[in-house]
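Data from input_30.cif: mmCIF, N, CA and C atoms
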data_query
#
loop_
_atom_site.label_atom_id
_atom_site.label_comp_id
_atom_site.auth_asym_id
_atom_site.auth_seq_id
_atom_site.Cartn_x
_atom_site.Cartn_y
_atom_site.Cartn_z
N MET Q 1 -130.20 44.66 36.31
CA MET Q 1 -130.38 46.00 36.82
C MET Q 1 -130.70 46.98 35.70
N SER Q 2 -129.88 46.94 34.63
CA SER Q 2 -130.11 47.91 33.55
C SER Q 2 -131.06 47.37 32.49
N GLY Q 3 -131.26 46.06 32.49
CA GLY Q 3 -132.12 45.47 31.48
C GLY Q 3 -131.39 45.18 30.17
N LEU Q 4 -130.07 45.37 30.17
CA LEU Q 4 -129.27 45.11 28.97
C LEU Q 4 -128.70 43.71 29.03
N SER Q 5 -128.53 43.09 27.87
CA SER Q 5 -127.94 41.76 27.84
C SER Q 5 -126.44 41.86 28.12
N LEU Q 6 -125.87 40.75 28.55
CA LEU Q 6 -124.44 40.70 28.83
C LEU Q 6 -123.64 41.04 27.59
N ARG Q 7 -124.07 40.55 26.46
CA ARG Q 7 -123.36 40.81 25.19
C ARG Q 7 -123.36 42.30 24.86
N THR Q 8 -124.48 43.00 25.10
CA THR Q 8 -124.55 44.44 24.83
C THR Q 8 -123.58 45.19 25.73
N VAL Q 9 -123.53 44.81 26.99
CA VAL Q 9 -122.60 45.46 27.92
C VAL Q 9 -121.16 45.20 27.50
N GLN Q 10 -120.86 43.99 27.05
CA GLN Q 10 -119.51 43.67 26.59
C GLN Q 10 -119.12 44.49 25.37
N ARG Q 11 -120.06 44.65 24.45
CA ARG Q 11 -119.79 45.46 23.25
C ARG Q 11 -119.50 46.92 23.65
N ILE Q 12 -120.28 47.44 24.57
CA ILE Q 12 -120.06 48.82 25.01
C ILE Q 12 -118.71 48.93 25.71
N GLU Q 13 -118.36 47.95 26.54
CA GLU Q 13 -117.06 47.97 27.21
C GLU Q 13 -115.90 47.91 26.22
N ASN Q 14 -116.10 47.24 25.10
CA ASN Q 14 -115.06 47.13 24.08
C ASN Q 14 -114.97 48.36 23.20
N GLY Q 15 -115.80 49.35 23.46
CA GLY Q 15 -115.73 50.60 22.71
C GLY Q 15 -116.56 50.63 21.45
N GLU Q 16 -117.39 49.62 21.24
CA GLU Q 16 -118.25 49.62 20.06
C GLU Q 16 -119.41 50.60 20.28
N ASN Q 17 -120.05 50.97 19.20
CA ASN Q 17 -121.16 51.93 19.29
C ASN Q 17 -122.32 51.33 20.09
N ALA Q 18 -122.95 52.21 20.86
CA ALA Q 18 -124.11 51.81 21.64
C ALA Q 18 -125.28 52.70 21.26
N SER Q 19 -126.46 52.13 21.35
CA SER Q 19 -127.64 52.94 21.04
C SER Q 19 -127.89 53.92 22.19
N LEU Q 20 -128.66 54.92 21.88
CA LEU Q 20 -128.99 55.92 22.90
C LEU Q 20 -129.76 55.28 24.06
N GLU Q 21 -130.63 54.32 23.75
CA GLU Q 21 -131.40 53.65 24.80
C GLU Q 21 -130.49 52.87 25.73
N SER Q 22 -129.48 52.19 25.15
CA SER Q 22 -128.54 51.43 25.98
C SER Q 22 -127.75 52.37 26.89
N LEU Q 23 -127.30 53.49 26.34
CA LEU Q 23 -126.56 54.45 27.15
C LEU Q 23 -127.43 55.04 28.26
N LYS Q 24 -128.70 55.29 27.96
CA LYS Q 24 -129.60 55.82 28.98
C LYS Q 24 -129.84 54.78 30.07
N ALA Q 25 -129.95 53.51 29.68
CA ALA Q 25 -130.16 52.45 30.67
C ALA Q 25 -128.95 52.35 31.60
N LEU Q 26 -127.76 52.41 31.05
CA LEU Q 26 -126.56 52.37 31.88
C LEU Q 26 -126.45 53.61 32.76
N ALA Q 27 -126.80 54.75 32.22
CA ALA Q 27 -126.74 55.99 32.99
C ALA Q 27 -127.70 55.94 34.17
N SER Q 28 -128.88 55.35 33.98
CA SER Q 28 -129.83 55.27 35.08
C SER Q 28 -129.33 54.34 36.19
N VAL Q 29 -128.62 53.27 35.80
CA VAL Q 29 -128.07 52.36 36.80
C VAL Q 29 -127.01 53.06 37.63
N PHE Q 30 -126.18 53.86 36.97
CA PHE Q 30 -125.11 54.58 37.68
C PHE Q 30 -125.57 55.93 38.22
N GLU Q 31 -126.86 56.21 38.07
CA GLU Q 31 -127.47 57.44 38.56
C GLU Q 31 -126.77 58.69 38.04
N THR Q 32 -126.54 58.71 36.76
CA THR Q 32 -125.95 59.88 36.10
C THR Q 32 -126.86 60.29 34.96
N ASP Q 33 -126.64 61.47 34.46
CA ASP Q 33 -127.39 61.95 33.30
C ASP Q 33 -126.56 61.75 32.05
N ILE Q 34 -127.25 61.50 30.98
CA ILE Q 34 -126.56 61.37 29.70
C ILE Q 34 -127.16 62.39 28.75
N THR Q 35 -126.30 63.01 28.01
CA THR Q 35 -126.78 63.97 27.01
C THR Q 35 -126.56 63.40 25.63
N ASP Q 36 -127.25 63.94 24.69
CA ASP Q 36 -127.13 63.49 23.31
C ASP Q 36 -125.94 64.13 22.61
N SER Q 37 -125.13 64.90 23.33
CA SER Q 37 -124.03 65.62 22.68
C SER Q 37 -123.03 64.67 22.04
N ASP Q 38 -122.76 63.53 22.69
CA ASP Q 38 -121.82 62.58 22.09
C ASP Q 38 -122.35 62.05 20.77
N LYS Q 39 -123.63 61.74 20.73
CA LYS Q 39 -124.23 61.24 19.49
C LYS Q 39 -124.23 62.34 18.42
N GLU Q 40 -124.50 63.57 18.84
CA GLU Q 40 -124.49 64.67 17.88
C GLU Q 40 -123.10 64.87 17.29
N GLU Q 41 -122.07 64.74 18.14
CA GLU Q 41 -120.69 64.85 17.66
C GLU Q 41 -120.37 63.72 16.69
N GLU Q 42 -120.83 62.52 17.02
CA GLU Q 42 -120.59 61.38 16.13
C GLU Q 42 -121.29 61.58 14.78
N ILE Q 43 -122.51 62.10 14.82
CA ILE Q 43 -123.26 62.35 13.59
C ILE Q 43 -122.57 63.43 12.77
N ALA Q 44 -122.11 64.49 13.43
CA ALA Q 44 -121.39 65.55 12.72
C ALA Q 44 -120.11 65.02 12.10
N GLN Q 45 -119.39 64.18 12.84
CA GLN Q 45 -118.16 63.59 12.30
C GLN Q 45 -118.47 62.68 11.12
N ALA Q 46 -119.53 61.90 11.22
CA ALA Q 46 -119.91 61.01 10.11
C ALA Q 46 -120.27 61.82 8.87
N ARG Q 47 -120.95 62.95 9.06
CA ARG Q 47 -121.29 63.81 7.92
C ARG Q 47 -120.04 64.41 7.29
N LYS Q 48 -119.08 64.82 8.11
CA LYS Q 48 -117.82 65.35 7.58
C LYS Q 48 -117.08 64.29 6.78
N GLU Q 49 -117.05 63.08 7.32
CA GLU Q 49 -116.36 61.98 6.63
C GLU Q 49 -117.04 61.67 5.30
N GLU Q 50 -118.36 61.66 5.30
CA GLU Q 50 -119.10 61.39 4.06
C GLU Q 50 -118.87 62.49 3.04
N ALA Q 51 -118.84 63.74 3.48
CA ALA Q 51 -118.57 64.85 2.56
C ALA Q 51 -117.17 64.74 1.98
N TYR Q 52 -116.21 64.35 2.81
CA TYR Q 52 -114.85 64.19 2.32
C TYR Q 52 -114.76 63.08 1.28
N VAL Q 53 -115.42 61.97 1.55
CA VAL Q 53 -115.42 60.85 0.60
C VAL Q 53 -116.06 61.29 -0.72
N GLN Q 54 -117.14 62.04 -0.65
CA GLN Q 54 -117.79 62.52 -1.88
C GLN Q 54 -116.86 63.47 -2.64
N ASN Q 55 -116.10 64.30 -1.93
CA ASN Q 55 -115.15 65.19 -2.59
C ASN Q 55 -114.04 64.41 -3.28
N VAL Q 56 -113.55 63.36 -2.63
CA VAL Q 56 -112.51 62.53 -3.24
C VAL Q 56 -113.06 61.84 -4.48
N LYS Q 57 -114.29 61.32 -4.39
CA LYS Q 57 -114.90 60.69 -5.56
C LYS Q 57 -115.06 61.69 -6.70
N GLY Q 58 -115.49 62.90 -6.37
CA GLY Q 58 -115.63 63.94 -7.39
C GLY Q 58 -114.30 64.28 -8.04
N PHE Q 59 -113.24 64.34 -7.24
CA PHE Q 59 -111.92 64.61 -7.78
C PHE Q 59 -111.48 63.53 -8.75
N TYR Q 60 -111.67 62.27 -8.36
CA TYR Q 60 -111.26 61.17 -9.24
C TYR Q 60 -112.11 61.12 -10.52
N LYS Q 61 -113.38 61.46 -10.42
CA LYS Q 61 -114.21 61.52 -11.63
C LYS Q 61 -113.71 62.62 -12.56
N LEU Q 62 -113.39 63.77 -12.00
CA LEU Q 62 -112.87 64.87 -12.80
C LEU Q 62 -111.51 64.51 -13.40
N LEU Q 63 -110.68 63.84 -12.63
CA LEU Q 63 -109.37 63.40 -13.13
C LEU Q 63 -109.54 62.40 -14.28
N ALA Q 64 -110.47 61.47 -14.14
CA ALA Q 64 -110.72 60.49 -15.21
C ALA Q 64 -111.22 61.19 -16.47
N LEU Q 65 -112.11 62.15 -16.31
CA LEU Q 65 -112.59 62.92 -17.46
C LEU Q 65 -111.46 63.67 -18.13
N ALA Q 66 -110.57 64.27 -17.34
CA ALA Q 66 -109.44 65.01 -17.89
C ALA Q 66 -108.51 64.08 -18.67
N VAL Q 67 -108.19 62.93 -18.09
CA VAL Q 67 -107.29 61.99 -18.78
C VAL Q 67 -107.92 61.51 -20.07
N PHE Q 68 -109.19 61.14 -20.03
CA PHE Q 68 -109.87 60.67 -21.23
C PHE Q 68 -109.89 61.75 -22.31
N SER Q 69 -110.24 62.97 -21.93
CA SER Q 69 -110.29 64.07 -22.90
C SER Q 69 -108.92 64.37 -23.48
N LEU Q 70 -107.91 64.39 -22.62
CA LEU Q 70 -106.57 64.71 -23.10
C LEU Q 70 -106.01 63.63 -24.02
N VAL Q 71 -106.29 62.38 -23.69
CA VAL Q 71 -105.83 61.29 -24.57
C VAL Q 71 -106.54 61.37 -25.92
N THR Q 72 -107.83 61.68 -25.89
CA THR Q 72 -108.57 61.82 -27.14
C THR Q 72 -108.01 62.94 -28.00
N PHE Q 73 -107.77 64.10 -27.39
CA PHE Q 73 -107.23 65.22 -28.16
C PHE Q 73 -105.78 65.00 -28.57
N LEU Q 74 -105.04 64.23 -27.79
CA LEU Q 74 -103.67 63.88 -28.18
C LEU Q 74 -103.68 63.01 -29.43
N ILE Q 75 -104.57 62.05 -29.47
CA ILE Q 75 -104.67 61.18 -30.65
C ILE Q 75 -105.07 61.99 -31.87
N ILE Q 76 -106.03 62.88 -31.68
CA ILE Q 76 -106.45 63.74 -32.80
C ILE Q 76 -105.28 64.62 -33.25
N ALA Q 77 -104.53 65.16 -32.31
CA ALA Q 77 -103.42 66.05 -32.64
C ALA Q 77 -102.29 65.30 -33.34
N LEU Q 78 -102.14 64.02 -33.03
CA LEU Q 78 -101.10 63.24 -33.70
C LEU Q 78 -101.39 63.08 -35.19
N PHE Q 79 -102.66 63.02 -35.53
CA PHE Q 79 -103.03 62.85 -36.93
C PHE Q 79 -103.26 64.18 -37.65
N ASN Q 80 -103.45 65.24 -36.90
CA ASN Q 80 -103.69 66.55 -37.51
C ASN Q 80 -102.85 67.58 -36.74
N SER Q 81 -101.74 67.95 -37.28
CA SER Q 81 -100.81 68.81 -36.56
C SER Q 81 -101.32 70.24 -36.36
N GLU Q 82 -102.41 70.58 -37.01
CA GLU Q 82 -102.95 71.94 -36.86
C GLU Q 82 -103.72 72.14 -35.55
N VAL Q 83 -104.02 71.08 -34.83
CA VAL Q 83 -104.81 71.21 -33.61
C VAL Q 83 -103.99 70.99 -32.34
N TRP Q 84 -102.67 71.04 -32.42
CA TRP Q 84 -101.84 70.89 -31.23
C TRP Q 84 -102.15 71.98 -30.20
N TYR Q 85 -102.39 73.18 -30.67
CA TYR Q 85 -102.70 74.28 -29.75
C TYR Q 85 -103.93 73.97 -28.92
N PHE Q 86 -104.92 73.30 -29.51
CA PHE Q 86 -106.13 72.94 -28.78
C PHE Q 86 -105.82 71.94 -27.68
N PHE Q 87 -104.95 70.98 -27.98
CA PHE Q 87 -104.53 70.01 -26.97
C PHE Q 87 -103.87 70.73 -25.79
N PHE Q 88 -102.99 71.67 -26.07
CA PHE Q 88 -102.30 72.39 -25.00
C PHE Q 88 -103.26 73.28 -24.20
N TYR Q 89 -104.24 73.88 -24.85
CA TYR Q 89 -105.25 74.65 -24.14
C TYR Q 89 -106.05 73.74 -23.20
N MET Q 90 -106.39 72.56 -23.69
CA MET Q 90 -107.12 71.61 -22.85
C MET Q 90 -106.27 71.16 -21.67
N LEU Q 91 -105.00 70.94 -21.90
CA LEU Q 91 -104.09 70.54 -20.83
C LEU Q 91 -104.02 71.62 -19.75
N ILE Q 92 -103.87 72.85 -20.16
CA ILE Q 92 -103.82 73.97 -19.20
C ILE Q 92 -105.16 74.11 -18.48
N PHE Q 93 -106.25 73.99 -19.23
CA PHE Q 93 -107.58 74.10 -18.64
C PHE Q 93 -107.79 73.06 -17.55
N TYR Q 94 -107.51 71.79 -17.85
CA TYR Q 94 -107.73 70.74 -16.86
C TYR Q 94 -106.77 70.87 -15.68
N ALA Q 95 -105.55 71.32 -15.91
CA ALA Q 95 -104.62 71.53 -14.81
C ALA Q 95 -105.16 72.59 -13.85
N VAL Q 96 -105.68 73.67 -14.39
CA VAL Q 96 -106.24 74.74 -13.56
C VAL Q 96 -107.49 74.25 -12.83
N VAL Q 97 -108.37 73.56 -13.53
CA VAL Q 97 -109.61 73.07 -12.91
C VAL Q 97 -109.29 72.09 -11.78
N LEU Q 98 -108.37 71.17 -12.01
CA LEU Q 98 -108.01 70.21 -10.96
C LEU Q 98 -107.35 70.91 -9.77
N ALA Q 99 -106.52 71.91 -10.04
CA ALA Q 99 -105.88 72.65 -8.95
C ALA Q 99 -106.91 73.41 -8.13
N VAL Q 100 -107.84 74.08 -8.78
CA VAL Q 100 -108.87 74.83 -8.06
C VAL Q 100 -109.76 73.88 -7.26
N TYR Q 101 -110.15 72.78 -7.85
CA TYR Q 101 -110.97 71.80 -7.16
C TYR Q 101 -110.25 71.29 -5.91
N SER Q 102 -108.97 70.96 -6.06
CA SER Q 102 -108.19 70.44 -4.94
C SER Q 102 -108.07 71.46 -3.82
N ILE Q 103 -107.80 72.69 -4.17
CA ILE Q 103 -107.64 73.73 -3.15
C ILE Q 103 -108.95 73.98 -2.42
N ASN Q 104 -110.06 73.95 -3.15
CA ASN Q 104 -111.36 74.22 -2.53
C ASN Q 104 -111.85 73.09 -1.64
N TYR Q 105 -111.60 71.86 -2.02
CA TYR Q 105 -112.21 70.75 -1.31
C TYR Q 105 -111.29 69.97 -0.40
N PHE Q 106 -109.99 70.10 -0.53
CA PHE Q 106 -109.07 69.38 0.33
C PHE Q 106 -108.35 70.39 1.22
N ASP Q 107 -108.22 70.05 2.47
CA ASP Q 107 -107.70 70.97 3.47
C ASP Q 107 -106.17 70.88 3.51
N PHE Q 108 -105.52 71.47 2.51
CA PHE Q 108 -104.07 71.43 2.46
C PHE Q 108 -103.43 72.23 3.59
N PHE Q 109 -104.04 73.32 3.97
CA PHE Q 109 -103.47 74.19 4.98
C PHE Q 109 -104.37 74.23 6.21
N GLY Q 110 -104.74 73.06 6.69
CA GLY Q 110 -105.64 72.97 7.84
C GLY Q 110 -104.90 72.96 9.16
N LYS Q 111 -105.58 72.48 10.17
CA LYS Q 111 -105.03 72.47 11.53
C LYS Q 111 -103.77 71.61 11.64
N GLU Q 112 -103.75 70.48 10.97
CA GLU Q 112 -102.58 69.60 11.04
C GLU Q 112 -101.35 70.29 10.44
N TRP Q 113 -101.53 70.97 9.33
CA TRP Q 113 -100.44 71.70 8.69
C TRP Q 113 -99.95 72.82 9.61
N GLU Q 114 -100.88 73.56 10.21
CA GLU Q 114 -100.51 74.63 11.13
C GLU Q 114 -99.71 74.09 12.31
N ARG Q 115 -100.14 72.95 12.84
CA ARG Q 115 -99.45 72.33 13.97
C ARG Q 115 -98.02 71.95 13.60
N LYS Q 116 -97.85 71.38 12.40
CA LYS Q 116 -96.51 70.99 11.96
C LYS Q 116 -95.60 72.19 11.79
N ILE Q 117 -96.13 73.26 11.22
CA ILE Q 117 -95.33 74.48 11.01
C ILE Q 117 -94.90 75.06 12.35
N ILE Q 118 -95.81 75.15 13.28
CA ILE Q 118 -95.48 75.68 14.62
C ILE Q 118 -94.47 74.79 15.31
N HIS Q 119 -94.65 73.49 15.18
CA HIS Q 119 -93.72 72.56 15.81
C HIS Q 119 -92.32 72.71 15.22
N ARG Q 120 -92.22 72.83 13.91
CA ARG Q 120 -90.92 73.01 13.27
C ARG Q 120 -90.25 74.31 13.68
N LYS Q 121 -91.02 75.35 13.80
CA LYS Q 121 -90.46 76.66 14.08
C LYS Q 121 -90.05 76.84 15.53
N PHE Q 122 -90.88 76.38 16.46
CA PHE Q 122 -90.67 76.71 17.86
C PHE Q 122 -90.27 75.56 18.76
N LYS Q 123 -90.40 74.33 18.29
CA LYS Q 123 -90.14 73.20 19.20
C LYS Q 123 -89.08 72.25 18.67
N LYS Q 124 -88.06 72.78 18.08
CA LYS Q 124 -86.99 71.92 17.57
C LYS Q 124 -86.24 71.44 18.74
#

Mind converting the file's structure to structure tokens?
Amino acid sequence: MSGLSLRTVQRIENGENASLESLKALASVFETDITDSDKEEEIAQARKEEAYVQNVKGFYKLLALAVFSLVTFLIIALFNSEVWYFFFYMLIFYAVVLAVYSINYFDFFGKEWERKIIHRKFKK
């Protein structure tokens, strides 16, 4: 009836992703309309997930750079006591940069946090 293979229908029934053509074929059999809104939502969600992964990778790269730089300056400071102040400036600098990066790119105070706060306050 729909022109889809049994295996394709089974995959769709199991909740796996279906192509737009497969969904349209099923919709025509059941005489319903299908919109691309579900696919658009999936694409938007995939883009959000990819952006989040890129932010996490960027954070870890920055963290690795900070650790490498700080270890290097610590070794230098161990052999030359006149440059300890530079090591501490670098430590403060990287702490601030990592904090700002984290606050900007990770949703510490997002919807989930708001929900938990409201739940704690009003639904004990």

Taking the DSSP secondary structure from the backbone, can you list the residues of chain Q that are helix (DSSP H, G or I), as a ChimeraX atom specification?
/Q:6-13,20-29,37-79,81-105,111-122

Selection near segment 57-62 of chain Q, 8 Å with only N, CA and C atoms, sequence-local residues under 5 positions removed, as a PyMOL selection string:
chain Q and resi 51-52+67-68+98+101-102

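For segment 84-91 of chain Q, the non-local neighbours within 12 Å, defined as residues at least 3 positions apart in the same chain or in other chains and counting only C-alpha atoms, are Leu63, Leu65, Ala66, Val67, Phe68, Ser69, Leu70, Val71, Thr72, Phe73, Leu74, Ile75, Ile76, Ala77, Leu78, Phe79, Asn80, Ser81, Tyr94, Ala95, Val96, Val97 and Leu98 of chain Q.
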
Work out where the centre of an axis-aligned box around every listed atom of segment 85-90 of chain Q lies and how long its edges are once 4 Å is added on each side; give both in Å to one decimal as JSON.
{"center_x": -104.7, "center_y": 72.3, "center_z": -26.2, "size_x": 12.8, "size_y": 12.6, "size_z": 17.0}
